[in-house]
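Below: the structure, in structure tokens.
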Amino acid sequence: MNLAHLFETGMLVCFGFSWPINVVKAYKAKTAKSTSLAFICLIITGYVAGIVAKLINRQFNYVLAVYFLNLAIVFANVVVYFRNKGLDRKKEELNMNDVNARRFVPQKENFSFSNAEDYDFIPKRMREGPEKKYNVVLMGGDYERSIPVKQLEDDFSLDFELMNKSLPGLSVKNAVEYYLKEVARFRSDGIIIRLGAEDMELFKTSPSEFDSLYLKLLSTIKMVNSKCRIALVSMNNVNREASLDSMNNHIKAIASSEQAVYVDFAYATLWNPKATKASVDFARNMGLSVKKPIFDVAKILYSFALQNIAEEKKSVNFAG
């Protein structure tokens, strides 16, 4: 056995071992932003040079086979790079990044702010007056249904009422219908919304439809109760799934375009509800105007939820 060839093979295996792992990570990441095509091309050039040297010296052995194997794996990185580059272009077309986020305008055939006839589906009684008034309403799905708003209202001595009108399985597809049927009549000062848990497949196949349905809900709320302040809460993305990151970017851009408050669940571990309440009380005692800060209400609800309620079922679904 030629020791020189053996050590050369060992060198190639050591250099090439990281490339299969890199292919898998890049494929799962679905973005080319952290990948350097120039660096990959440089590696390819090096392997090609090594192969040419072997061919010139007529060294047709197992070392040459390892060169070709490494070259093939590095080429797989190039294929994944261009695939991810295409995905990045699609994301940019949605115009959802923080710098260039613009106001969303639903298509005419789906919904329009300017056409009053689009609101004919809203019962007239809902626009004339409330049956009962709650200050802040929580509207979400299975996870939100478990948040004990009345307990938190008492624990934090809130000087306004909280109401939980969450519905297991609530989706952007049925959110408008549910809002009109179960939530609109309360004419709340504020509403905290968290949708998306049931909409991952819709978002993956048609993010524009997800946006349009979400916008239709916000527009309906404004039509029924123009003074209602709205907060949109992001999905919890513990595993940093690219699809969830993208959905949260859409929700954030929708909140920005509709002058709603965006609440990032990722910061829930940093929130201190008691300190928040203390600062609000202090401001009131100083004579400052603090009108039911909806962001602070969301902090109380979701910091409690993060510490006490496991989102087990949804975490499994998102990771799949």
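Identifiers in this document derive from the order of the structure tokens: chains are assigned A, B, ..., residues are numbered from 1 separately in each chain, and ligands are numbered from 1 in order of occurrence.
Residues surrounding Phe265 in chain A within 9 Å are Val233, Ser234, Met235, Asn236, Asn237, Lys299, Tyr302, Ser303 and Leu306 of chain A [only C-alpha atoms; sequence separation below 5 positions excluded].
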Dump of N, CA, C and O atoms for the selected residues, as a CSV table (one decimal), in the first residue's frame:
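Final output, saved to result.csv:
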```
chain,number,residue,atom,x,y,z
A,233,VAL,N,-49.8,39.3,17.1
A,233,VAL,CA,-48.8,38.6,17.8
A,233,VAL,C,-48.2,37.6,16.8
A,233,VAL,O,-48.9,36.9,16.1
A,234,SER,N,-46.9,37.5,16.8
A,234,SER,CA,-46.2,36.5,15.9
A,234,SER,C,-46.3,35.1,16.4
A,234,SER,O,-46.7,34.8,17.6
A,235,MET,N,-46.0,34.2,15.5
A,235,MET,CA,-45.9,32.8,15.9
A,235,MET,C,-44.6,32.5,16.7
A,235,MET,O,-43.6,33.2,16.5
A,236,ASN,N,-44.7,31.5,17.6
A,236,ASN,CA,-43.5,31.2,18.4
A,236,ASN,C,-42.6,30.2,17.5
A,236,ASN,O,-43.1,29.2,17.1
A,237,ASN,N,-41.4,30.7,17.3
A,237,ASN,CA,-40.5,29.9,16.4
A,237,ASN,C,-39.3,29.5,17.1
A,237,ASN,O,-38.2,30.0,16.8
A,299,LYS,N,-48.0,41.7,26.6
A,299,LYS,CA,-46.8,41.2,27.3
A,299,LYS,C,-47.3,40.3,28.5
A,299,LYS,O,-46.7,39.3,28.8
A,302,TYR,N,-48.8,36.9,27.1
A,302,TYR,CA,-47.9,35.9,26.5
A,302,TYR,C,-46.7,35.6,27.3
A,302,TYR,O,-46.1,34.5,27.1
A,303,SER,N,-46.3,36.4,28.2
A,303,SER,CA,-45.2,36.0,29.1
A,303,SER,C,-45.7,35.0,30.1
A,303,SER,O,-45.0,34.0,30.4
A,306,LEU,N,-46.1,31.7,28.0
A,306,LEU,CA,-44.8,31.1,27.7
A,306,LEU,C,-44.3,30.3,28.9
A,306,LEU,O,-43.7,29.2,28.8
```
Subject >> Polymer residues at most 12 Å from Asn272 in chain A, only C-alpha atoms, same-chain spacing of 3 or more positions, as a list in words >> reply: Phe156, Tyr267, Ala268, Thr269, Ala275, Thr276, Lys277, Ala278, Ser279, Asp296, Val297, Ala298, Lys299, Ile300, Leu301, Tyr302, Ser303, Phe304 and Gln307 of chain A
Residues within 12 Å of Val80 in chain A, only C-alpha atoms, excluding chain neighbours under 2 positions, as a PDB file with N, CA and C atoms, in the first residue's frame:
```
ATOM      1  N   TRP A  19     -18.731  19.091   3.601  1.00  0.00           N
ATOM      2  CA  TRP A  19     -19.600  19.516   2.503  1.00  0.00           C
ATOM      3  C   TRP A  19     -20.976  18.848   2.490  1.00  0.00           C
ATOM      4  N   PRO A  20     -21.111  17.549   2.780  1.00  0.00           N
ATOM      5  CA  PRO A  20     -22.462  16.976   2.850  1.00  0.00           C
ATOM      6  C   PRO A  20     -23.317  17.634   3.919  1.00  0.00           C
ATOM      7  N   ASN A  22     -22.972  20.690   4.968  1.00  0.00           N
ATOM      8  CA  ASN A  22     -23.275  22.026   4.467  1.00  0.00           C
ATOM      9  C   ASN A  22     -24.443  22.000   3.473  1.00  0.00           C
ATOM     10  N   VAL A  23     -24.492  20.935   2.648  1.00  0.00           N
ATOM     11  CA  VAL A  23     -25.592  20.801   1.685  1.00  0.00           C
ATOM     12  C   VAL A  23     -26.929  20.697   2.413  1.00  0.00           C
ATOM     13  N   VAL A  24     -26.973  19.853   3.438  1.00  0.00           N
ATOM     14  CA  VAL A  24     -28.212  19.643   4.202  1.00  0.00           C
ATOM     15  C   VAL A  24     -28.652  20.932   4.891  1.00  0.00           C
ATOM     16  N   LYS A  25     -27.698  21.624   5.523  1.00  0.00           N
ATOM     17  CA  LYS A  25     -28.036  22.874   6.221  1.00  0.00           C
ATOM     18  C   LYS A  25     -28.539  23.930   5.251  1.00  0.00           C
ATOM     19  N   ALA A  26     -27.886  24.053   4.110  1.00  0.00           N
ATOM     20  CA  ALA A  26     -28.295  25.051   3.122  1.00  0.00           C
ATOM     21  C   ALA A  26     -29.671  24.729   2.560  1.00  0.00           C
ATOM     22  N   TYR A  27     -29.934  23.450   2.342  1.00  0.00           N
ATOM     23  CA  TYR A  27     -31.238  23.048   1.806  1.00  0.00           C
ATOM     24  C   TYR A  27     -32.348  23.380   2.788  1.00  0.00           C
ATOM     25  N   LYS A  28     -32.119  23.114   4.070  1.00  0.00           N
ATOM     26  CA  LYS A  28     -33.131  23.393   5.097  1.00  0.00           C
ATOM     27  C   LYS A  28     -33.303  24.893   5.325  1.00  0.00           C
ATOM     28  N   ALA A  29     -32.229  25.658   5.178  1.00  0.00           N
ATOM     29  CA  ALA A  29     -32.279  27.099   5.431  1.00  0.00           C
ATOM     30  C   ALA A  29     -33.140  27.831   4.410  1.00  0.00           C
ATOM     31  N   LYS A  30     -33.194  27.333   3.174  1.00  0.00           N
ATOM     32  CA  LYS A  30     -34.005  27.925   2.107  1.00  0.00           C
ATOM     33  C   LYS A  30     -33.629  29.374   1.824  1.00  0.00           C
ATOM     34  N   THR A  31     -32.384  29.708   2.026  1.00  0.00           N
ATOM     35  CA  THR A  31     -31.904  31.044   1.687  1.00  0.00           C
ATOM     36  C   THR A  31     -30.421  30.956   1.316  1.00  0.00           C
ATOM     37  N   ALA A  32     -30.013  31.799   0.363  1.00  0.00           N
ATOM     38  CA  ALA A  32     -28.616  31.810  -0.083  1.00  0.00           C
ATOM     39  C   ALA A  32     -27.837  32.971   0.525  1.00  0.00           C
ATOM     40  N   THR A  35     -24.441  32.131   2.066  1.00  0.00           N
ATOM     41  CA  THR A  35     -23.589  31.256   1.252  1.00  0.00           C
ATOM     42  C   THR A  35     -22.794  32.075   0.241  1.00  0.00           C
ATOM     43  N   SER A  36     -21.495  31.763   0.120  1.00  0.00           N
ATOM     44  CA  SER A  36     -20.634  32.461  -0.839  1.00  0.00           C
ATOM     45  C   SER A  36     -20.405  31.572  -2.053  1.00  0.00           C
ATOM     46  N   LEU A  37     -20.954  31.961  -3.194  1.00  0.00           N
ATOM     47  CA  LEU A  37     -20.755  31.201  -4.427  1.00  0.00           C
ATOM     48  C   LEU A  37     -19.291  31.256  -4.867  1.00  0.00           C
ATOM     49  N   ILE A  40     -17.316  28.641  -3.005  1.00  0.00           N
ATOM     50  CA  ILE A  40     -17.596  27.291  -3.514  1.00  0.00           C
ATOM     51  C   ILE A  40     -16.862  27.062  -4.838  1.00  0.00           C
ATOM     52  N   ILE A  73     -19.950  16.329  -4.509  1.00  0.00           N
ATOM     53  CA  ILE A  73     -20.638  16.873  -3.331  1.00  0.00           C
ATOM     54  C   ILE A  73     -20.601  18.393  -3.330  1.00  0.00           C
ATOM     55  N   VAL A  74     -19.446  18.970  -3.712  1.00  0.00           N
ATOM     56  CA  VAL A  74     -19.354  20.432  -3.766  1.00  0.00           C
ATOM     57  C   VAL A  74     -20.279  20.985  -4.850  1.00  0.00           C
ATOM     58  N   PHE A  75     -20.393  20.270  -5.973  1.00  0.00           N
ATOM     59  CA  PHE A  75     -21.319  20.694  -7.018  1.00  0.00           C
ATOM     60  C   PHE A  75     -22.765  20.678  -6.511  1.00  0.00           C
ATOM     61  N   ALA A  76     -23.082  19.750  -5.609  1.00  0.00           N
ATOM     62  CA  ALA A  76     -24.425  19.710  -5.011  1.00  0.00           C
ATOM     63  C   ALA A  76     -24.704  20.998  -4.252  1.00  0.00           C
ATOM     64  N   ASN A  77     -23.645  21.571  -3.629  1.00  0.00           N
ATOM     65  CA  ASN A  77     -23.800  22.859  -2.940  1.00  0.00           C
ATOM     66  C   ASN A  77     -24.152  23.972  -3.925  1.00  0.00           C
ATOM     67  N   VAL A  78     -23.589  23.901  -5.128  1.00  0.00           N
ATOM     68  CA  VAL A  78     -23.899  24.903  -6.150  1.00  0.00           C
ATOM     69  C   VAL A  78     -25.368  24.812  -6.553  1.00  0.00           C
ATOM     70  N   PHE A  82     -28.288  27.843  -6.042  1.00  0.00           N
ATOM     71  CA  PHE A  82     -29.155  28.476  -7.036  1.00  0.00           C
ATOM     72  C   PHE A  82     -30.629  28.219  -6.733  1.00  0.00           C
ATOM     73  N   ARG A  83     -30.918  27.069  -6.134  1.00  0.00           N
ATOM     74  CA  ARG A  83     -32.303  26.819  -5.697  1.00  0.00           C
ATOM     75  C   ARG A  83     -32.707  27.824  -4.617  1.00  0.00           C
ATOM     76  N   ASN A  84     -31.822  28.041  -3.623  1.00  0.00           N
ATOM     77  CA  ASN A  84     -32.106  28.995  -2.551  1.00  0.00           C
ATOM     78  C   ASN A  84     -32.158  30.427  -3.071  1.00  0.00           C
ATOM     79  N   LYS A  85     -31.320  30.716  -4.078  1.00  0.00           N
ATOM     80  CA  LYS A  85     -31.325  32.049  -4.676  1.00  0.00           C
ATOM     81  C   LYS A  85     -32.688  32.345  -5.287  1.00  0.00           C
ATOM     82  N   GLY A  86     -33.283  31.333  -5.920  1.00  0.00           N
ATOM     83  CA  GLY A  86     -34.612  31.493  -6.487  1.00  0.00           C
ATOM     84  C   GLY A  86     -35.663  31.732  -5.416  1.00  0.00           C
ATOM     85  N   LEU A  87     -35.535  31.038  -4.282  1.00  0.00           N
ATOM     86  CA  LEU A  87     -36.470  31.247  -3.171  1.00  0.00           C
ATOM     87  C   LEU A  87     -36.327  32.654  -2.604  1.00  0.00           C
TER      88      LEU A  87
END
```
Subject >> Which of range 129-283 of chain A fall in helix (DSSP H, G or I), as a count of residues only >> reply: 80
Subject >> Between CA of Ile294 in chain A and CA of Val136 in chain A - distance in Å to one decimal >> reply: 7.7 Å
**OP:** Would you list the contacts of range 3-12 of chain A as a list of chain:residue names, taking every protein, DNA or RNA residue within 8 Å and counting only C-alpha atoms, but skipping same-chain residues closer than 6 positions in sequence?
**Re:** A:Val63, A:Val66, A:Tyr67, A:Asn70
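Closest approach to Ile192 in chain A from the set A:Leu71, A:Val137, A:Leu218, A:Ala242 is made by A:Val137, with distances taken over only C-alpha atoms.
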Subject >> CA of Thr205 in chain A to CA of Lys165 in chain A, distance in Å rounded to a single decimal >> reply: 28.6 Å
Original post:
Out of A:Leu64, A:Val79, A:Leu162, A:Leu69, which residue has the shortest atom-to-atom distance to Ile191 in chain A when counting only C-alpha atoms?
Top reply: A:Leu162
